[in-house]
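**Student:** Sharing entry-v3.tsv below, TSV, C-alpha atoms:
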chain	number	residue	atom	x	y	z
J	1	MET	CA	19.55	-1.47	16.64
J	2	THR	CA	15.88	-1.15	15.73
J	3	ARG	CA	14.99	-1.82	12.11
J	4	VAL	CA	12.20	0.53	11.06
J	5	ALA	CA	10.57	0.48	7.63
J	6	VAL	CA	7.83	2.41	5.90
J	7	PHE	CA	5.54	0.80	3.35
J	8	PRO	CA	4.11	3.71	1.34
J	9	GLY	CA	1.28	3.69	-1.16
J	10	SER	CA	-2.02	5.26	-2.06
J	11	PHE	CA	-3.81	2.01	-1.15
J	12	ASP	CA	-7.06	2.99	-2.89
J	13	PRO	CA	-7.99	0.43	-1.76
J	14	MET	CA	-5.64	-1.96	0.02
J	15	THR	CA	-5.57	-5.30	-1.79
J	16	ASN	CA	-4.54	-8.78	-0.74
J	17	ALA	CA	-1.29	-8.15	-2.64
J	18	HIS	CA	-0.58	-5.14	-0.42
J	19	LEU	CA	-1.57	-7.09	2.68
J	20	ASP	CA	0.74	-9.95	1.67
J	21	VAL	CA	3.68	-7.54	1.40
J	22	ALA	CA	2.75	-5.85	4.70
J	23	ARG	CA	2.46	-9.22	6.47
J	24	ARG	CA	5.89	-10.35	5.28
J	25	ALA	CA	7.51	-6.97	5.95
J	26	SER	CA	6.09	-7.03	9.48
J	27	GLY	CA	8.19	-10.14	10.09
J	28	LEU	CA	11.35	-8.56	8.72
J	29	PHE	CA	11.32	-5.26	10.62
J	30	ASP	CA	11.02	-4.30	14.27
J	31	ARG	CA	8.56	-1.57	13.33
J	32	LEU	CA	6.57	-1.13	10.13
J	33	VAL	CA	4.69	2.06	9.32
J	34	ILE	CA	2.21	1.76	6.48
J	35	GLY	CA	2.14	5.19	4.89
J	36	VAL	CA	-1.08	6.19	3.16
J	37	LEU	CA	-0.19	8.77	0.55
J	38	ASN	CA	-2.49	11.69	-0.03
J	39	ASN	CA	-1.60	12.18	-3.69
J	40	PRO	CA	-3.05	15.40	-5.14
J	41	ARG	CA	-2.59	14.03	-8.68
J	42	LYS	CA	-5.08	11.22	-8.07
J	43	GLU	CA	-8.80	11.24	-7.42
J	44	PRO	CA	-9.25	8.42	-4.93
J	45	LEU	CA	-12.43	6.43	-4.41
J	46	PHE	CA	-11.84	6.56	-0.64
J	47	ASP	CA	-10.56	9.66	1.14
J	48	ILE	CA	-7.42	9.57	3.25
J	49	ALA	CA	-9.26	8.97	6.53
J	50	GLU	CA	-11.28	6.09	5.03
J	51	ARG	CA	-8.19	4.45	3.53
J	52	THR	CA	-6.29	4.78	6.80
J	53	ALA	CA	-9.16	3.24	8.79
J	54	LEU	CA	-9.59	0.38	6.29
J	55	ILE	CA	-5.87	-0.44	6.42
J	56	GLN	CA	-5.88	-0.36	10.22
J	57	ALA	CA	-8.72	-2.90	10.19
J	58	CYS	CA	-6.84	-5.09	7.70
J	59	VAL	CA	-3.53	-5.15	9.60
J	60	ALA	CA	-4.89	-5.30	13.15
J	61	ASP	CA	-3.70	-8.90	13.55
J	62	LEU	CA	-0.10	-8.14	12.51
J	63	GLY	CA	0.89	-6.78	15.92
J	64	SER	CA	1.38	-3.48	17.67
J	65	HIS	CA	4.67	-2.92	15.84
J	66	VAL	CA	2.66	-2.28	12.64
J	67	THR	CA	1.05	1.16	12.47
J	68	VAL	CA	-0.72	3.21	9.81
J	69	ASP	CA	-0.14	6.90	9.18
J	70	ALA	CA	-1.28	9.27	6.44
J	71	PHE	CA	1.20	11.55	4.68
J	72	ASP	CA	1.74	13.82	1.75
J	73	GLY	CA	4.96	14.92	0.18
J	74	LEU	CA	8.12	12.91	-0.32
J	75	THR	CA	8.33	9.32	0.89
J	76	VAL	CA	11.88	9.90	2.12
J	77	ASP	CA	10.64	12.74	4.34
J	78	PHE	CA	7.97	10.41	5.71
J	79	ALA	CA	10.65	7.77	6.33
J	80	ARG	CA	12.88	10.27	8.12
J	81	HIS	CA	9.93	11.47	10.22
J	82	HIS	CA	9.45	7.90	11.46
J	83	GLY	CA	13.16	7.16	11.87
J	84	ALA	CA	12.97	4.53	9.13
J	85	GLY	CA	16.05	3.20	7.40
J	86	PHE	CA	14.02	1.27	4.83
J	87	ILE	CA	11.24	1.78	2.32
J	88	VAL	CA	9.35	-1.40	1.46
J	89	ARG	CA	7.96	-1.75	-2.04
J	90	GLY	CA	6.01	-4.63	-3.49
J	91	LEU	CA	6.60	-5.97	-6.98
J	92	ARG	CA	3.95	-7.96	-8.85
J	93	ALA	CA	5.65	-8.43	-12.19
J	94	VAL	CA	8.74	-7.47	-14.15
J	95	SER	CA	6.73	-4.58	-15.60
J	96	ASP	CA	6.64	-2.96	-12.12
J	97	PHE	CA	10.40	-3.08	-11.77
J	98	GLU	CA	11.47	-0.26	-14.10
J	99	ALA	CA	9.33	2.40	-12.42
J	100	GLU	CA	10.13	1.06	-8.95
J	101	LEU	CA	13.87	1.07	-9.68
J	102	GLN	CA	13.74	4.67	-10.87
J	103	MET	CA	11.83	5.66	-7.72
J	104	ALA	CA	14.26	3.73	-5.47
J	105	LEU	CA	17.30	5.39	-7.09
J	106	THR	CA	15.72	8.83	-6.75
J	107	ASN	CA	14.93	8.18	-3.10
J	108	ARG	CA	18.49	6.96	-2.54
J	109	LYS	CA	19.82	10.19	-4.06
J	110	LEU	CA	17.52	12.28	-1.85
J	111	ALA	CA	18.17	10.24	1.30
J	112	PRO	CA	21.27	8.02	1.12
J	113	GLU	CA	20.57	6.76	4.66
J	114	VAL	CA	17.27	5.19	3.55
J	115	ASP	CA	17.38	1.98	1.54
J	116	THR	CA	14.62	0.31	-0.49
J	117	ALA	CA	13.64	-3.31	0.07
J	118	PHE	CA	11.65	-4.98	-2.70
J	119	LEU	CA	9.33	-7.86	-1.84
J	120	MET	CA	7.70	-9.94	-4.55
J	121	THR	CA	3.98	-10.31	-4.09
J	122	ALA	CA	2.82	-13.88	-3.55
J	123	LEU	CA	2.08	-15.69	-6.79
J	124	GLU	CA	-1.67	-15.87	-6.13
J	125	TYR	CA	-1.87	-12.06	-5.98
J	126	GLY	CA	0.38	-11.23	-8.91
J	127	TYR	CA	-2.56	-10.06	-11.02
J	128	VAL	CA	-4.22	-7.91	-8.33
J	129	SER	CA	-4.13	-4.12	-8.45
J	130	SER	CA	-6.28	-1.49	-6.79
J	131	SER	CA	-7.56	-0.17	-10.13
J	132	LEU	CA	-8.43	-3.65	-11.40
J	133	THR	CA	-10.21	-4.43	-8.14
J	134	LYS	CA	-12.31	-1.27	-8.39
J	135	GLU	CA	-13.21	-2.11	-11.99
J	136	VAL	CA	-14.32	-5.64	-11.11
J	137	ALA	CA	-16.31	-4.28	-8.15
J	138	ARG	CA	-18.02	-1.62	-10.31
J	139	PHE	CA	-19.39	-4.36	-12.55
J	140	GLY	CA	-20.48	-6.61	-9.69
J	141	GLY	CA	-17.71	-9.20	-10.01
J	142	ASP	CA	-16.37	-11.30	-7.15
J	143	ILE	CA	-13.63	-9.32	-5.43
J	144	ALA	CA	-13.30	-11.61	-2.40
J	145	PRO	CA	-10.04	-13.16	-3.67
J	146	MET	CA	-8.60	-9.69	-4.36
J	147	VAL	CA	-9.15	-7.72	-1.16
J	148	PRO	CA	-9.44	-8.26	2.61
J	149	PRO	CA	-13.02	-8.53	3.93
J	150	PRO	CA	-13.23	-4.95	5.35
J	151	VAL	CA	-12.23	-3.57	1.96
J	152	ALA	CA	-14.69	-5.81	0.08
J	153	ALA	CA	-17.52	-4.54	2.29
J	154	ALA	CA	-16.48	-0.91	1.82
J	155	LEU	CA	-16.22	-1.33	-1.96
J	156	ARG	CA	-19.65	-2.97	-2.18
J	157	GLU	CA	-21.15	-0.14	-0.14
J	158	ARG	CA	-19.39	2.65	-2.05
J	159	LEU	CA	-20.11	1.25	-5.50
J	160	ALA	CA	-23.62	-0.01	-4.87
J	161	GLU	CA	-26.09	1.31	-7.39
J	162	PRO	CA	-29.01	3.14	-5.86
J	163	ARG	CA	-32.03	0.90	-5.79
J	164	VAL	CA	-35.24	2.25	-7.30
Would you mind writing the structure in this file as structure tokens?
**Tutor:**
Amino acid sequence: MTRVAVFPGSFDPMTNAHLDVARRASGLFDRLVIGVLNNPRKEPLFDIAERTALIQACVADLGSHVTVDAFDGLTVDFARHHGAGFIVRGLRAVSDFEAELQMALTNRKLAPEVDTAFLMTALEYGYVSSSLTKEVARFGGDIAPMVPPPVAAALRERLAEPRV
């Protein structure tokens, strides 16, 4: 039996916390599909193609069993499309748990054949979020500990102030 999981998120941008969860999930499942959500309710800094390409660069060393695919709509539909029996979600703090639990229970109601696996983010990344990373980058702070190198370069380029 092949264990397939999807790891969904908007990943705008992918952080070291996301990468930590992806790295550990890649060791738990035979196939891991990182799903880049095109969420119409959000205005992302990077478009869907840019986010997908950045994630592919960040996870290239995890093996050919880890792929990246963009999607919109329900996560359970994305999971079914990929034949996944699991949805991987990362938790940074207790404050994440309530919303994640509600989402997991809803997904379970919509697709009883798909289970949710929670992975705690490594301690050193417990404070990292995409929005915090963008804020630090906007003000010229050091984001190297927060994001993989391809993402740091893309953030610096995107948020660079025009030089006069």
**Student:** Just want the 10 Å neighbourhood of J:Ala22, counted on only C-alpha atoms, with same-chain residues fewer than 4 positions away dropped. Output as a list in words.
**Tutor:**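 My reading of the contact set: Val6, Phe7, Asn16, Ala17, His18, Ser26, Gly27, Leu28, Leu32, Val33, Ile34, Val59, Leu62, Val66, Val88, Arg89, Gly90, Leu119 and Thr121 of chain J.
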**Student:** So which residues touch J:Asp69 within 10 Å, counting all atoms listed in the file, skipping near sequence neighbours fewer than 4 positions away, as a VMD selection string?
**Tutor:** chain J and resid 6 8 33 to 37 48 to 49 52 to 53 55 to 56 78 82
**Student:** Kindly save the residues from that selection, with C-alpha atoms included, as a CSV table (one decimal), in the frame of the given file.
**Tutor:**
chain,number,residue,atom,x,y,z
J,6,VAL,CA,7.8,2.4,5.9
J,8,PRO,CA,4.1,3.7,1.3
J,33,VAL,CA,4.7,2.1,9.3
J,34,ILE,CA,2.2,1.8,6.5
J,35,GLY,CA,2.1,5.2,4.9
J,36,VAL,CA,-1.1,6.2,3.2
J,37,LEU,CA,-0.2,8.8,0.6
J,48,ILE,CA,-7.4,9.6,3.2
J,49,ALA,CA,-9.3,9.0,6.5
J,52,THR,CA,-6.3,4.8,6.8
J,53,ALA,CA,-9.2,3.2,8.8
J,55,ILE,CA,-5.9,-0.4,6.4
J,56,GLN,CA,-5.9,-0.4,10.2
J,78,PHE,CA,8.0,10.4,5.7
J,82,HIS,CA,9.4,7.9,11.5
**Student:** Nearest residue to J:Arg51 out of J:Asp12, J:Glu113, J:Asp77, J:Glu98, using all atoms listed in the file?
**Tutor:**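 The shortest atom-to-atom distance to J:Arg51 comes from J:Asp12.
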**Student:** Using all atoms listed in the file, can you tell me which of J:Ala104, J:Val136, J:Val94, J:Ala99 comes closest to J:Ala117?
**Tutor:** J:Ala104
**Student:** When distances are computed from all atoms listed in the file, which of J:Ala137, J:Asp96, J:Phe118, J:Thr75 shows the smallest separation from J:Val151?
**Tutor:**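 Ranked by minimum distance to J:Val151, first place goes to J:Ala137.
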**Student:** Between atom CA of J:Pro44 and atom CA of J:Ser131, measure the distance and give it in Å to one decimal.
**Tutor:**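 Between these atoms lies a distance of 10.2 Å.
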**Student:** What does the distance from atom CA of J:Arg3 to atom CA of J:Asp30 come to in Å, to one decimal?
**Tutor:**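 Here the two named atoms are 5.2 Å from each other.
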**Student:** Could you give me stretch 48-75 of chain J completed to N, CA and C atoms, formatted as a CSV table (one decimal), in the frame of the given file?
**Tutor:**
chain,number,residue,atom,x,y,z
J,48,ILE,N,-8.6,10.0,2.5
J,48,ILE,CA,-7.4,9.6,3.2
J,48,ILE,C,-7.8,8.9,4.6
J,49,ALA,N,-8.8,9.5,5.2
J,49,ALA,CA,-9.3,9.0,6.5
J,49,ALA,C,-9.9,7.6,6.4
J,50,GLU,N,-10.7,7.4,5.3
J,50,GLU,CA,-11.3,6.1,5.0
J,50,GLU,C,-10.2,5.0,4.7
J,51,ARG,N,-9.3,5.4,3.9
J,51,ARG,CA,-8.2,4.4,3.5
J,51,ARG,C,-7.4,4.1,4.8
J,52,THR,N,-7.1,5.0,5.6
J,52,THR,CA,-6.3,4.8,6.8
J,52,THR,C,-7.1,3.8,7.7
J,53,ALA,N,-8.3,4.1,7.9
J,53,ALA,CA,-9.2,3.2,8.8
J,53,ALA,C,-9.3,1.8,8.2
J,54,LEU,N,-9.5,1.7,6.9
J,54,LEU,CA,-9.6,0.4,6.3
J,54,LEU,C,-8.3,-0.4,6.5
J,55,ILE,N,-7.2,0.3,6.3
J,55,ILE,CA,-5.9,-0.4,6.4
J,55,ILE,C,-5.7,-0.9,7.9
J,56,GLN,N,-6.0,0.0,8.8
J,56,GLN,CA,-5.9,-0.4,10.2
J,56,GLN,C,-6.7,-1.6,10.5
J,57,ALA,N,-7.9,-1.7,10.0
J,57,ALA,CA,-8.7,-2.9,10.2
J,57,ALA,C,-8.1,-4.1,9.6
J,58,CYS,N,-7.4,-4.0,8.4
J,58,CYS,CA,-6.8,-5.1,7.7
J,58,CYS,C,-5.6,-5.6,8.3
J,59,VAL,N,-4.8,-4.7,9.0
J,59,VAL,CA,-3.5,-5.2,9.6
J,59,VAL,C,-3.6,-5.3,11.1
J,60,ALA,N,-4.8,-5.2,11.7
J,60,ALA,CA,-4.9,-5.3,13.2
J,60,ALA,C,-4.2,-6.5,13.8
J,61,ASP,N,-4.3,-7.6,13.0
J,61,ASP,CA,-3.7,-8.9,13.6
J,61,ASP,C,-2.2,-9.0,13.4
J,62,LEU,N,-1.5,-8.0,12.8
J,62,LEU,CA,-0.1,-8.1,12.5
J,62,LEU,C,0.8,-7.8,13.7
J,63,GLY,N,0.2,-7.1,14.7
J,63,GLY,CA,0.9,-6.8,15.9
J,63,GLY,C,1.0,-5.3,16.1
J,64,SER,N,1.3,-4.9,17.3
J,64,SER,CA,1.4,-3.5,17.7
J,64,SER,C,2.6,-2.8,17.0
J,65,HIS,N,3.5,-3.5,16.5
J,65,HIS,CA,4.7,-2.9,15.8
J,65,HIS,C,4.3,-2.5,14.4
J,66,VAL,N,3.1,-2.7,14.0
J,66,VAL,CA,2.7,-2.3,12.6
J,66,VAL,C,1.6,-1.2,12.9
J,67,THR,N,1.9,0.0,12.3
J,67,THR,CA,1.0,1.2,12.5
J,67,THR,C,0.7,1.7,11.1
J,68,VAL,N,-0.3,2.6,11.1
J,68,VAL,CA,-0.7,3.2,9.8
J,68,VAL,C,-0.7,4.7,10.0
J,69,ASP,N,-0.2,5.5,9.1
J,69,ASP,CA,-0.1,6.9,9.2
J,69,ASP,C,-0.3,7.5,7.8
J,70,ALA,N,-1.1,8.6,7.7
J,70,ALA,CA,-1.3,9.3,6.4
J,70,ALA,C,-0.1,10.3,6.2
J,71,PHE,N,0.2,10.5,5.0
J,71,PHE,CA,1.2,11.6,4.7
J,71,PHE,C,1.0,12.1,3.3
J,72,ASP,N,1.6,13.3,3.1
J,72,ASP,CA,1.7,13.8,1.8
J,72,ASP,C,3.2,14.3,1.6
J,73,GLY,N,3.6,14.5,0.4
J,73,GLY,CA,5.0,14.9,0.2
J,73,GLY,C,5.8,13.7,-0.2
J,74,LEU,N,7.1,13.9,0.1
J,74,LEU,CA,8.1,12.9,-0.3
J,74,LEU,C,8.1,11.7,0.6
J,75,THR,N,8.2,10.5,0.1
J,75,THR,CA,8.3,9.3,0.9
J,75,THR,C,9.6,9.4,1.8
